file data33.csv (CSV, C-alpha atoms and all ligand atoms)
chain,number,residue,atom,x,y,z
A,204,MET,CA,117.8,68.3,130.7
A,205,ILE,CA,116.8,71.5,128.9
A,206,ASP,CA,120.3,73.0,129.5
A,207,ALA,CA,122.0,70.0,127.9
A,208,PRO,CA,124.0,71.0,124.8
A,209,PRO,CA,122.2,70.3,121.6
A,210,THR,CA,123.7,67.8,119.2
A,211,PRO,CA,125.3,69.2,116.1
A,212,GLN,CA,122.7,67.4,113.9
A,213,GLN,CA,119.8,69.1,115.6
A,214,ARG,CA,121.3,72.6,115.4
A,215,GLU,CA,122.2,72.4,111.8
A,216,GLY,CA,118.5,73.0,111.2
A,217,PHE,CA,117.6,73.1,107.5
A,218,ARG,CA,121.3,72.9,106.6
A,219,THR,CA,121.0,69.2,107.5
A,220,PHE,CA,119.4,68.5,104.2
A,221,ALA,CA,120.7,68.5,100.6
A,222,PRO,CA,119.4,71.6,98.6
A,223,ARG,CA,116.2,71.3,96.6
A,224,VAL,CA,115.3,67.8,97.7
A,225,PRO,CA,111.6,68.1,98.6
A,226,LEU,CA,111.1,67.7,102.4
A,227,ILE,CA,107.9,66.8,104.1
A,228,ALA,CA,107.3,68.5,107.4
A,229,ALA,CA,104.7,66.8,109.6
A,230,SER,CA,102.7,69.6,111.4
A,231,ILE,CA,101.9,68.1,114.8
A,232,LEU,CA,98.9,70.5,115.1
A,233,SER,CA,96.8,67.6,113.8
A,234,ALA,CA,98.4,64.9,115.9
A,235,ASP,CA,96.6,63.5,118.9
A,236,PHE,CA,98.1,65.5,121.7
A,237,ALA,CA,97.3,62.7,124.2
A,238,LYS,CA,99.8,60.6,122.4
A,239,LEU,CA,101.9,63.2,120.8
A,240,ALA,CA,105.3,61.5,120.9
A,241,GLU,CA,103.8,58.3,119.5
A,242,ASP,CA,102.1,60.1,116.6
A,243,ALA,CA,105.1,62.2,115.8
A,244,SER,CA,107.4,59.2,115.9
A,245,CYS,CA,105.0,57.3,113.5
A,246,ALA,CA,105.1,60.3,111.1
A,247,LEU,CA,108.9,60.2,111.1
A,248,HIS,CA,109.0,56.4,110.6
A,249,ALA,CA,106.5,56.8,107.8
A,250,GLY,CA,109.0,59.1,106.0
A,251,ALA,CA,108.4,62.6,107.2
A,252,ASP,CA,111.7,64.5,107.3
A,253,LEU,CA,111.0,66.8,110.3
A,254,LEU,CA,108.4,67.9,112.7
A,255,HIS,CA,106.7,71.3,112.3
A,256,VAL,CA,105.6,72.9,115.6
A,257,ASP,CA,102.9,75.6,115.3
A,258,VAL,CA,103.0,78.1,118.1
A,259,MET,CA,100.0,80.4,118.4
A,260,ASP,CA,99.5,83.1,121.0
A,261,GLY,CA,95.8,83.9,120.6
A,262,HIS,CA,96.7,87.4,119.5
A,263,PHE,CA,98.6,87.2,116.2
A,264,VAL,CA,96.2,84.5,115.2
A,265,PRO,CA,92.8,83.7,116.8
A,266,ASN,CA,93.9,80.4,118.3
A,267,LEU,CA,96.1,79.1,121.1
A,268,SER,CA,98.3,76.1,120.5
A,269,MET,CA,101.5,75.0,122.2
A,270,GLY,CA,104.5,76.6,123.8
A,271,PRO,CA,108.1,75.6,124.7
A,272,ALA,CA,107.1,73.0,127.2
A,273,ILE,CA,105.6,70.8,124.5
A,274,CYS,CA,108.7,71.3,122.3
A,275,GLU,CA,110.9,70.3,125.2
A,276,CYS,CA,108.8,67.1,125.8
A,277,LEU,CA,109.0,66.2,122.2
A,278,HIS,CA,112.7,66.9,122.1
A,279,ARG,CA,113.2,64.6,125.1
A,280,ALA,CA,111.1,61.8,123.6
A,281,LEU,CA,112.6,62.1,120.1
A,282,PRO,CA,116.0,63.6,120.5
A,283,GLY,CA,117.0,63.0,116.9
A,284,ALA,CA,114.0,64.7,115.4
A,285,MET,CA,114.4,68.1,113.7
A,286,LEU,CA,112.0,70.5,115.3
A,287,ASP,CA,110.9,73.3,113.0
A,288,VAL,CA,109.1,76.0,115.1
A,289,HIS,CA,106.7,78.3,113.3
A,290,LEU,CA,105.9,81.3,115.5
A,291,MET,CA,102.5,82.8,114.9
A,292,VAL,CA,102.9,85.3,117.7
A,293,THR,CA,102.9,89.1,118.0
A,294,ASP,CA,106.2,89.3,119.8
A,295,PRO,CA,108.7,86.7,118.5
A,296,ALA,CA,111.6,88.1,120.4
A,297,ALA,CA,110.2,86.8,123.7
A,298,TYR,CA,110.2,83.2,122.4
A,299,LEU,CA,113.5,82.7,120.7
A,300,GLU,CA,115.5,81.7,123.8
A,301,PRO,CA,112.8,79.5,125.4
A,302,PHE,CA,112.4,77.5,122.2
A,303,ALA,CA,116.2,77.2,121.7
A,304,LYS,CA,116.5,75.8,125.2
A,305,ALA,CA,113.5,73.5,124.5
A,306,GLY,CA,115.5,71.9,121.6
A,307,ALA,CA,114.2,73.7,118.5
A,308,SER,CA,116.5,73.4,115.5
A,309,HIS,CA,114.9,76.1,113.5
A,310,ILE,CA,112.6,79.1,114.1
A,311,THR,CA,110.4,80.9,111.6
A,312,PHE,CA,108.6,84.1,112.6
A,313,HIS,CA,106.3,86.4,110.6
A,314,ILE,CA,107.3,89.7,108.9
A,315,GLU,CA,103.9,91.0,110.1
A,316,ALA,CA,104.9,90.5,113.7
A,317,ASN,CA,106.7,93.0,116.0
A,318,GLY,CA,110.5,93.5,115.8
A,319,ASP,CA,113.3,94.1,113.3
A,320,ALA,CA,113.5,91.0,111.0
A,321,ILE,CA,117.3,91.2,110.6
A,322,GLU,CA,117.9,91.6,114.4
A,323,LEU,CA,115.6,88.6,115.1
A,324,ALA,CA,117.4,86.5,112.4
A,325,ASP,CA,120.8,87.4,114.0
A,326,ARG,CA,119.5,86.3,117.4
A,327,ILE,CA,118.2,83.0,116.1
A,328,HIS,CA,121.5,82.3,114.5
A,329,ALA,CA,123.4,83.3,117.6
A,330,LEU,CA,121.3,80.7,119.5
A,331,GLY,CA,122.6,78.1,117.0
A,332,MET,CA,119.5,77.6,114.9
A,333,THR,CA,118.5,78.3,111.3
A,334,ALA,CA,116.0,81.1,110.7
A,335,GLY,CA,112.9,81.5,108.6
A,336,ILE,CA,110.7,84.5,107.7
A,337,ALA,CA,107.0,84.0,106.9
A,338,ILE,CA,104.4,85.9,105.0
A,339,LYS,CA,100.6,85.6,105.4
A,340,PRO,CA,98.4,85.2,102.3
A,341,ASP,CA,97.7,88.9,102.1
A,342,THR,CA,101.3,90.0,102.4
A,343,PRO,CA,103.2,90.5,99.1
A,344,THR,CA,106.7,89.0,98.6
A,345,ALA,CA,108.0,92.6,98.4
A,346,ALA,CA,107.6,92.8,102.2
A,347,ILE,CA,110.6,90.4,102.7
A,348,GLU,CA,112.6,90.9,99.5
A,349,SER,CA,115.1,93.2,101.1
A,350,VAL,CA,115.9,90.7,103.9
A,351,LEU,CA,116.0,87.4,102.1
A,352,THR,CA,119.8,86.8,102.5
A,353,HIS,CA,119.4,86.7,106.3
A,354,PHE,CA,117.3,83.6,106.2
A,355,GLU,CA,117.7,79.9,105.4
A,356,LEU,CA,114.0,79.5,104.9
A,357,LEU,CA,111.1,81.5,103.4
A,358,LEU,CA,107.6,80.5,104.4
A,359,VAL,CA,104.7,81.3,102.1
A,360,MET,CA,101.5,80.7,103.9
A,361,SER,CA,98.9,79.0,101.7
A,362,VAL,CA,96.1,79.5,104.3
A,363,HIS,CA,95.3,82.3,106.8
A,364,PRO,CA,97.3,81.1,109.8
A,365,GLY,CA,95.6,79.8,112.9
A,366,PHE,CA,94.0,76.5,112.0
A,367,SER,CA,94.7,73.2,110.3
A,368,GLY,CA,92.3,71.7,107.8
A,369,GLN,CA,91.7,74.8,105.6
A,370,LYS,CA,91.5,75.0,101.8
A,371,PHE,CA,94.8,75.6,99.9
A,372,LEU,CA,95.1,79.2,98.5
A,373,ALA,CA,96.6,78.9,95.0
A,374,SER,CA,97.6,82.6,95.3
A,375,ALA,CA,100.6,81.4,97.2
A,376,LEU,CA,102.1,79.7,94.1
A,377,PRO,CA,103.2,82.8,92.1
A,378,LYS,CA,104.7,84.2,95.3
A,379,VAL,CA,106.8,81.0,95.7
A,380,THR,CA,107.9,81.3,92.0
A,381,ARG,CA,108.9,84.9,92.5
A,382,LEU,CA,110.9,84.1,95.7
A,383,ARG,CA,112.6,81.1,94.1
A,384,SER,CA,113.8,83.4,91.3
A,385,LEU,CA,115.5,85.6,94.0
A,386,VAL,CA,117.3,83.1,96.2
A,387,PRO,CA,119.9,80.4,95.7
A,388,ASP,CA,119.1,76.7,95.7
A,389,ILE,CA,120.3,76.4,99.3
A,390,THR,CA,117.5,78.6,100.5
A,391,ARG,CA,114.4,76.6,101.4
A,392,ILE,CA,111.0,77.7,100.4
A,393,GLN,CA,108.2,76.3,102.6
A,394,LEU,CA,104.5,76.1,101.9
A,395,ASP,CA,102.2,75.7,104.8
A,396,GLY,CA,98.4,75.3,104.8
A,397,GLY,CA,96.2,73.0,102.7
A,398,VAL,CA,99.1,71.1,101.3
A,399,SER,CA,97.9,67.6,100.4
A,400,PRO,CA,98.6,65.0,97.7
A,401,ALA,CA,96.3,67.0,95.5
A,402,THR,CA,98.1,70.3,95.9
A,403,ALA,CA,101.7,69.2,96.5
A,404,ALA,CA,102.8,68.9,92.9
A,405,ALA,CA,101.9,72.5,92.1
A,406,CYS,CA,103.8,73.6,95.2
A,407,ARG,CA,107.0,71.7,94.1
A,408,GLU,CA,106.7,73.0,90.5
A,409,ALA,CA,106.4,76.6,91.7
A,410,GLY,CA,109.7,76.1,93.6
A,411,GLY,CA,108.6,75.0,97.0
A,412,ASP,CA,110.8,72.4,98.7
A,413,VAL,CA,109.5,72.1,102.2
A,414,LEU,CA,105.9,71.0,102.3
A,415,VAL,CA,104.1,71.3,105.6
A,416,SER,CA,101.2,69.0,106.2
A,417,ALA,CA,98.9,68.5,109.2
A,418,SER,CA,95.5,67.2,108.3
A,419,ALA,CA,96.4,65.4,105.1
A,420,LEU,CA,99.1,63.5,106.9
A,421,PHE,CA,97.7,62.8,110.4
A,422,GLY,CA,94.2,62.3,109.0
A,423,ALA,CA,95.4,59.4,106.8
A,424,PRO,CA,95.2,55.8,108.1
A,425,ASP,CA,98.7,55.1,106.8
A,426,TYR,CA,100.9,58.2,107.1
A,427,SER,CA,103.4,56.9,104.5
A,428,ILE,CA,100.9,57.2,101.6
A,429,PRO,CA,100.3,61.0,101.7
A,430,ILE,CA,104.0,61.5,102.6
A,431,ARG,CA,105.2,59.6,99.5
A,432,GLN,CA,102.6,61.3,97.3
A,433,MET,CA,103.4,64.8,98.5
A,434,ARG,CA,107.1,64.2,98.1
A,435,GLY,CA,106.4,63.1,94.5
A,436,ALA,CA,109.0,60.4,94.7
B,1,LIG,C1,98.3,76.9,110.1
B,1,LIG,C2,99.6,76.2,110.5
B,1,LIG,C3,99.8,75.0,109.7
B,1,LIG,C4,98.7,74.0,109.8
B,1,LIG,C5,98.6,73.3,108.5
B,1,LIG,O1,98.2,78.1,110.8
B,1,LIG,O2,100.7,77.1,110.4
B,1,LIG,O3,101.1,74.5,109.9
B,1,LIG,O4,99.0,73.1,110.8
B,1,LIG,O5,97.5,72.5,108.6
B,1,LIG,P1,96.9,71.7,107.3
B,1,LIG,O6,98.0,71.0,106.6
B,1,LIG,O7,95.8,70.9,107.8
B,1,LIG,O8,96.4,72.8,106.4
B,2,ZN,ZN,102.8,76.2,110.4
call {"tool": "encode", "arguments": {"input": "data33.csv", "output": "structure tokens"}}
result
Amino acid sequence: MIDAPPTPQQREGFRTFAPRVPLIAASILSADFAKLAEDASCALHAGADLLHVDVMDGHFVPNLSMGPAICECLHRALPGAMLDVHLMVTDPAAYLEPFAKAGASHITFHIEANGDAIELADRIHALGMTAGIAIKPDTPTAAIESVLTHFELLLVMSVHPGFSGQKFLASALPKVTRLRSLVPDITRIQLDGGVSPATAAACREAGGDVLVSASALFGAPDYSIPIRQMRGA
């Protein structure tokens, strides 16, 4: 099953969506892992555009989360879902192929991690996915400004990566505005961490158009309410 060719829709990654339409990415880190497919499916039916898969290696961040096996199970259970993999790992190069085989549509890695950013982006593209580059809260936008054209998505972390349920860091907003001034509309800018109905409008106004949410979404009794509020529609 994992060697089956991906459908074109899955492998268009973030190119699947019209530019600048705000997208809601449901971060399954706050789903109930005992019924992951059901929770993820509910989030998509409630209006989430895609599933955000947080991968942590216990080294780049002080937490362990999930690996390609979970991605593969999710892909098998929900073959039409777009899987946006966020690698919070020290050595992203080791994980590109396993996640491509597991059905990922998109991979974001961190500029603070090991490896040459352009080479990694080229490998992600060669595997048929779209590519993203992420910066942690203490990393300035200057760290990625010379490589922006190689990526379909720029991820500005609005919490220190590792855990869901943290407070939104407003220092992410001017970084989003700066990056938005440097890239075309087709480039996605994603905010991740502490995004909620209370903080989403500021994220969109700054120029963010992919809002990741774990606790505000999966913690709600009716997922469709925070999704609608965060989208601002
Ligand atoms: C944090 C992860 C986030 C996290 C967001 O390291 O990258 O995707 O799940 O969680 P909330 O939305 O609860 O801040
Ligand atoms: Zn994430």
call {"tool": "closest_residue", "arguments": {"input": "data33.csv", "among": "A:Gly365, A:Gly335, A:Gly216, A:Pro222", "to": "ligand ZN 2 (chain B)", "atoms": "all atoms listed in the file"}}
result
A:Gly365
call {"tool": "residues_near_point", "arguments": {"input": "data33.csv", "point": "(105.6, 62.7, 122.7)", "cutoff": "6 Å", "atoms": "all atoms listed in the file", "output": "number ranges by chain"}}
result
A: 239-241, 277, 280
call {"tool": "closest_atom_pairs", "arguments": {"input": "data33.csv", "of": "chain A", "to": "ligand LIG 1 (chain B)", "cutoff": "10 Å", "atoms": "all atoms listed in the file", "output": "Markdown table"}}
result
| residue | atom | partner | partner_atom | distance |
| --- | --- | --- | --- | --- |
| A:Ala228 | CA | B:LIG1 | O3 | 9.0 |
| A:Ala229 | CA | B:LIG1 | O6 | 8.5 |
| A:Ser230 | CA | B:LIG1 | O4 | 5.1 |
| A:Ile231 | CA | B:LIG1 | O4 | 7.0 |
| A:Leu232 | CA | B:LIG1 | O4 | 5.0 |
| A:Ser233 | CA | B:LIG1 | O4 | 6.6 |
| A:Ala234 | CA | B:LIG1 | O4 | 9.7 |
| A:His255 | CA | B:LIG1 | O3 | 6.9 |
| A:Val256 | CA | B:LIG1 | O3 | 7.4 |
| A:Asp257 | CA | B:LIG1 | O2 | 5.6 |
| A:Val258 | CA | B:LIG1 | O2 | 8.1 |
| A:Met259 | CA | B:LIG1 | O1 | 8.1 |
| A:Val264 | CA | B:LIG1 | O1 | 8.0 |
| A:Pro265 | CA | B:LIG1 | O1 | 9.8 |
| A:Asn266 | CA | B:LIG1 | O1 | 8.9 |
| A:Ser268 | CA | B:LIG1 | O1 | 9.9 |
| A:Val288 | CA | B:LIG1 | O3 | 9.7 |
| A:His289 | CA | B:LIG1 | O2 | 6.8 |
| A:Leu290 | CA | B:LIG1 | O2 | 8.4 |
| A:Met291 | CA | B:LIG1 | O2 | 7.5 |
| A:Ala337 | CA | B:LIG1 | O2 | 10.0 |
| A:Lys339 | CA | B:LIG1 | O1 | 9.5 |
| A:Leu358 | CA | B:LIG1 | O2 | 9.8 |
| A:Met360 | CA | B:LIG1 | O2 | 7.5 |
| A:Ser361 | CA | B:LIG1 | O8 | 8.2 |
| A:Val362 | CA | B:LIG1 | C1 | 6.7 |
| A:His363 | CA | B:LIG1 | O1 | 6.5 |
| A:Pro364 | CA | B:LIG1 | O1 | 3.3 |
| A:Gly365 | CA | B:LIG1 | O1 | 3.7 |
| A:Phe366 | CA | B:LIG1 | O1 | 4.7 |
| A:Ser367 | CA | B:LIG1 | O5 | 3.3 |
| A:Gly368 | CA | B:LIG1 | O7 | 3.6 |
| A:Gln369 | CA | B:LIG1 | O8 | 5.2 |
| A:Lys370 | CA | B:LIG1 | O8 | 7.1 |
| A:Phe371 | CA | B:LIG1 | O8 | 7.3 |
| A:Leu394 | CA | B:LIG1 | O3 | 8.8 |
| A:Asp395 | CA | B:LIG1 | O3 | 5.4 |
| A:Gly396 | CA | B:LIG1 | O8 | 3.6 |
| A:Gly397 | CA | B:LIG1 | O8 | 3.7 |
| A:Val398 | CA | B:LIG1 | O6 | 5.4 |
| A:Ser399 | CA | B:LIG1 | O6 | 7.1 |
| A:Leu414 | CA | B:LIG1 | O6 | 9.0 |
| A:Val415 | CA | B:LIG1 | O3 | 6.1 |
| A:Ser416 | CA | B:LIG1 | O6 | 3.8 |
| A:Ala417 | CA | B:LIG1 | O6 | 3.7 |
| A:Ser418 | CA | B:LIG1 | O7 | 3.7 |
| A:Ala419 | CA | B:LIG1 | O6 | 6.0 |
| A:Leu420 | CA | B:LIG1 | O6 | 7.6 |
| A:Phe421 | CA | B:LIG1 | O7 | 8.7 |
| A:Gly422 | CA | B:LIG1 | O7 | 8.8 |
call {"tool": "atom_distance", "arguments": {"input": "data33.csv", "atom1": "CA of Pro225 (chain A)", "atom2": "CA of Val413 (chain A)"}}
result
5.8 Å
call {"tool": "closest_residue", "arguments": {"input": "data33.csv", "among": "A:Glu300, A:Asp235, A:Asp294, A:Glu408", "to": "His328 (chain A)", "atoms": "only C-alpha atoms"}}
result
A:Glu300
call {"tool": "residues_around", "arguments": {"input": "data33.csv", "residues": "Pro343 (chain A)", "least_positions_apart": "6", "cutoff": "12 Å", "atoms": "all atoms listed in the file", "output": "PDB file with C-alpha atoms, in the frame of the given file"}}
result
ATOM      1  CA  ILE A 314     107.300  89.700 108.900  1.00  0.00           C
ATOM      2  CA  GLU A 315     103.900  91.000 110.100  1.00  0.00           C
ATOM      3  CA  ALA A 337     107.000  84.000 106.900  1.00  0.00           C
ATOM      4  CA  VAL A 359     104.700  81.300 102.100  1.00  0.00           C
ATOM      5  CA  MET A 360     101.500  80.700 103.900  1.00  0.00           C
ATOM      6  CA  SER A 374      97.600  82.600  95.300  1.00  0.00           C
ATOM      7  CA  ALA A 375     100.600  81.400  97.200  1.00  0.00           C
ATOM      8  CA  LEU A 376     102.100  79.700  94.100  1.00  0.00           C
ATOM      9  CA  PRO A 377     103.200  82.800  92.100  1.00  0.00           C
ATOM     10  CA  LYS A 378     104.700  84.200  95.300  1.00  0.00           C
ATOM     11  CA  VAL A 379     106.800  81.000  95.700  1.00  0.00           C
ATOM     12  CA  ARG A 381     108.900  84.900  92.500  1.00  0.00           C
ATOM     13  CA  LEU A 382     110.900  84.100  95.700  1.00  0.00           C
TER      14      LEU A 382
END
call {"tool": "atom_distance", "arguments": {"input": "data33.csv", "atom1": "CA of Asp242 (chain A)", "atom2": "CA of Asp412 (chain A)"}}
result
23.4 Å
call {"tool": "atom_distance", "arguments": {"input": "data33.csv", "atom1": "CA of Ile428 (chain A)", "atom2": "CA of Ala249 (chain A)"}}
result
8.4 Å
call {"tool": "residues_around", "arguments": {"input": "data33.csv", "residues": "Ile336 (chain A)", "least_positions_apart": "3", "cutoff": "6 Å", "atoms": "all atoms listed in the file", "output": "MDAnalysis selection string"}}
result
chainID A and resid 311:313 357
call {"tool": "axis_aligned_box", "arguments": {"input": "data33.csv", "around": "region 238-249 of chain A", "padding_each_side": "8 Å", "output": "JSON"}}
result
{"center_x": 104.4, "center_y": 59.8, "center_z": 115.1, "size_x": 25.2, "size_y": 22.8, "size_z": 30.6}
call {"tool": "closest_residue", "arguments": {"input": "data33.csv", "among": "A:Ala237, A:Pro295, A:Leu385, A:Ala346", "to": "Arg326 (chain A)", "atoms": "only C-alpha atoms"}}
result
A:Pro295
call {"tool": "closest_residue", "arguments": {"input": "data33.csv", "among": "A:Asp260, A:Asp287, A:Glu215, A:Glu275", "to": "ligand ZN 2 (chain B)", "atoms": "only C-alpha atoms and all ligand atoms"}}
result
A:Asp287
call {"tool": "closest_residue", "arguments": {"input": "data33.csv", "among": "A:Ala251, A:Ile310, A:Leu281, A:Ile430", "to": "ligand ZN 2 (chain B)", "atoms": "all atoms listed in the file"}}
result
A:Ile310
